[in-house]
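Participant: My questions will all concern the structure given below.
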Amino acid sequence: MAGAYETDFRAHPEAYRYDSSEQGVFKVQPYKDELLPDWGFKDEAAAEAAVEALREAYERYRAADDFVGMDMARKYLQMGFTRAMRYAKYPGGRKYEDDGTEREPEQWADPEKRAAAVVFRNAWQALTDDPAYERLKEHHQNEVHDPAASPMVD
């Protein structure tokens with residue numbers, strides 16, 4: 001994939017820079033290959049299946065004290081919410097017209113996508129409220145991350 005980092009972040013967690021956004025979700029390996037196949041937001045059932053798979057992966061990473069994996073699972077849940085909401089508000093997920101002007105959002109252009117968004121939002125919130133996630137995030141930021149080793153741009 002163009003632009004993917006050439007770092008194995010499981011082998012080199014010090015290279016991973018925490019960011020509360022979804023940045024890196026398609027670039028951070030090996031987690032992308034582990035999580036992306038389970039991610040989908042077509043409808044509520046797809047979201048529930050994706051959330052179940054992502055939560056299982058999160059629990060495996062948590063058991064291994066693998067903060068990078070835990071955070072990547074968080075990013076996929078967050079991305080499920082934001083992508084589903086985009087489709088829920090904008091027909092076909094198109095936020096911009098061909099000329100670049102932003103379209104007016106609709107309330108709700110796609111109710112199935114709204115239902116999927118709620119499933120992702122609830123799972124994302126539960127994950128970020130996990131004390132282990134908070135503890136490992138703080139540890140990673142203060143003791144593991146090495147900016148000099150990271151290919152991730154600030």
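For the structure tokens, the naming scheme is as follows: chains receive sequential letters (A, B, ...) according to their order of presentation, residues are indexed from 1 within each chain, and ligands are indexed from 1 in presentation order.
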Which neighbours of Ala64 in chain A fall inside 12 Å, counting only C-alpha atoms, when residues of the same chain fewer than 6 positions from it are skipped, and could you give them as a PyMOL selection string?
Facilitator: chain A and resi 10+57-58+70+132+136
Participant: For Asp38 in chain A, list every protein, DNA or RNA residue within 8 Å, evaluated using only C-alpha atoms, and leave out those in the same chain fewer than 3 positions away; present the list as a list in words.
Facilitator: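 The residues that qualify are Leu35, Ala49, Ala50, Ala53 and Leu54 of chain A.
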Participant: For all heavy atoms, I'd like the residues from the last selection saved as a PDB file, in the first residue's frame.
Facilitator:
```
ATOM      1  N   LEU A  35      -6.733  -6.360  11.574  1.00  0.00           N
ATOM      2  CA  LEU A  35      -8.005  -5.731  11.940  1.00  0.00           C
ATOM      3  C   LEU A  35      -8.891  -5.358  10.751  1.00  0.00           C
ATOM      4  O   LEU A  35     -10.112  -5.481  10.841  1.00  0.00           O
ATOM      5  CB  LEU A  35      -7.732  -4.481  12.787  1.00  0.00           C
ATOM      6  CG  LEU A  35      -6.996  -4.744  14.102  1.00  0.00           C
ATOM      7  CD1 LEU A  35      -6.563  -3.435  14.744  1.00  0.00           C
ATOM      8  CD2 LEU A  35      -7.844  -5.569  15.049  1.00  0.00           C
ATOM      9  N   ALA A  49     -21.021  -7.414  13.990  1.00  0.00           N
ATOM     10  CA  ALA A  49     -20.012  -8.444  13.716  1.00  0.00           C
ATOM     11  C   ALA A  49     -18.606  -7.848  13.782  1.00  0.00           C
ATOM     12  O   ALA A  49     -17.687  -8.455  14.347  1.00  0.00           O
ATOM     13  CB  ALA A  49     -20.262  -9.082  12.350  1.00  0.00           C
ATOM     14  N   ALA A  50     -18.436  -6.661  13.215  1.00  0.00           N
ATOM     15  CA  ALA A  50     -17.134  -5.999  13.243  1.00  0.00           C
ATOM     16  C   ALA A  50     -16.726  -5.661  14.672  1.00  0.00           C
ATOM     17  O   ALA A  50     -15.578  -5.899  15.074  1.00  0.00           O
ATOM     18  CB  ALA A  50     -17.171  -4.727  12.395  1.00  0.00           C
ATOM     19  N   ALA A  53     -15.566  -8.787  16.534  1.00  0.00           N
ATOM     20  CA  ALA A  53     -14.220  -9.203  16.116  1.00  0.00           C
ATOM     21  C   ALA A  53     -13.154  -8.236  16.624  1.00  0.00           C
ATOM     22  O   ALA A  53     -12.083  -8.660  17.083  1.00  0.00           O
ATOM     23  CB  ALA A  53     -14.151  -9.311  14.594  1.00  0.00           C
ATOM     24  N   LEU A  54     -13.435  -6.941  16.571  1.00  0.00           N
ATOM     25  CA  LEU A  54     -12.470  -5.941  17.033  1.00  0.00           C
ATOM     26  C   LEU A  54     -12.294  -6.005  18.545  1.00  0.00           C
ATOM     27  O   LEU A  54     -11.183  -5.844  19.055  1.00  0.00           O
ATOM     28  CB  LEU A  54     -12.888  -4.542  16.582  1.00  0.00           C
ATOM     29  CG  LEU A  54     -12.816  -4.306  15.077  1.00  0.00           C
ATOM     30  CD1 LEU A  54     -13.511  -3.008  14.692  1.00  0.00           C
ATOM     31  CD2 LEU A  54     -11.373  -4.315  14.587  1.00  0.00           C
TER      32      LEU A  54
END
```
Participant: Got a sec: who's within 12 Å of Arg83 in chain A, counting only C-alpha atoms, leaving out chain neighbours fewer than 6 positions off, as a list in words?
Facilitator: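 Listed by chain and then number, they are Glu22, Trp39, Gly40, Phe41, Lys42, Asp43, Ala47, Lys75, Tyr76, Leu77, Lys89, Tyr90, Gly92, Gly93, Arg94, Lys95, Lys113, Arg114, Ala116, Ala117, Val118, Phe120 and Arg121 of chain A.
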Participant: Could you please determine the separation between CA of Tyr31 in chain A and CA of Glu6 in chain A in Å, to one decimal place?
Facilitator: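 Straight-line distance from CA of Tyr31 in chain A to CA of Glu6 in chain A works out to 12.8 Å.
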Participant: Considering only C-alpha atoms, can you say which of A:Arg103, A:Arg55, A:Arg74, A:Lys27 comes closest to Pro91 in chain A?
Facilitator: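 Looking at the shortest contact to Pro91 in chain A, the residue is A:Arg103.
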Participant: Find the residue from A:Gly69, A:Pro30, A:Pro151, A:Pro37 that sits nearest to Lys137 in chain A; use only C-alpha atoms when measuring.
Facilitator: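 Under the stated criterion, the closest residue is A:Gly69.
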Participant: Point out the residue among A:Val119, A:Gln125, A:Asn142, A:Glu134 with the least atom-to-atom distance to Glu52 in chain A, counting only C-alpha atoms.
Facilitator: A:Val119
Participant: Select from range 6-152 of chain A everything DSSP, run on the backbone, classes as alpha helix (DSSP H), then give the selection as a PyMOL selection string.
Facilitator: chain A and resi 31-35+44-63+67-89+111-128+131-139
Participant: From the set A:Gln78, A:Gln141, A:Thr7, A:Gln29, which residue has the shortest atom-to-atom contact distance to Trp124 in chain A, counting only C-alpha atoms?
Facilitator: A:Gln78
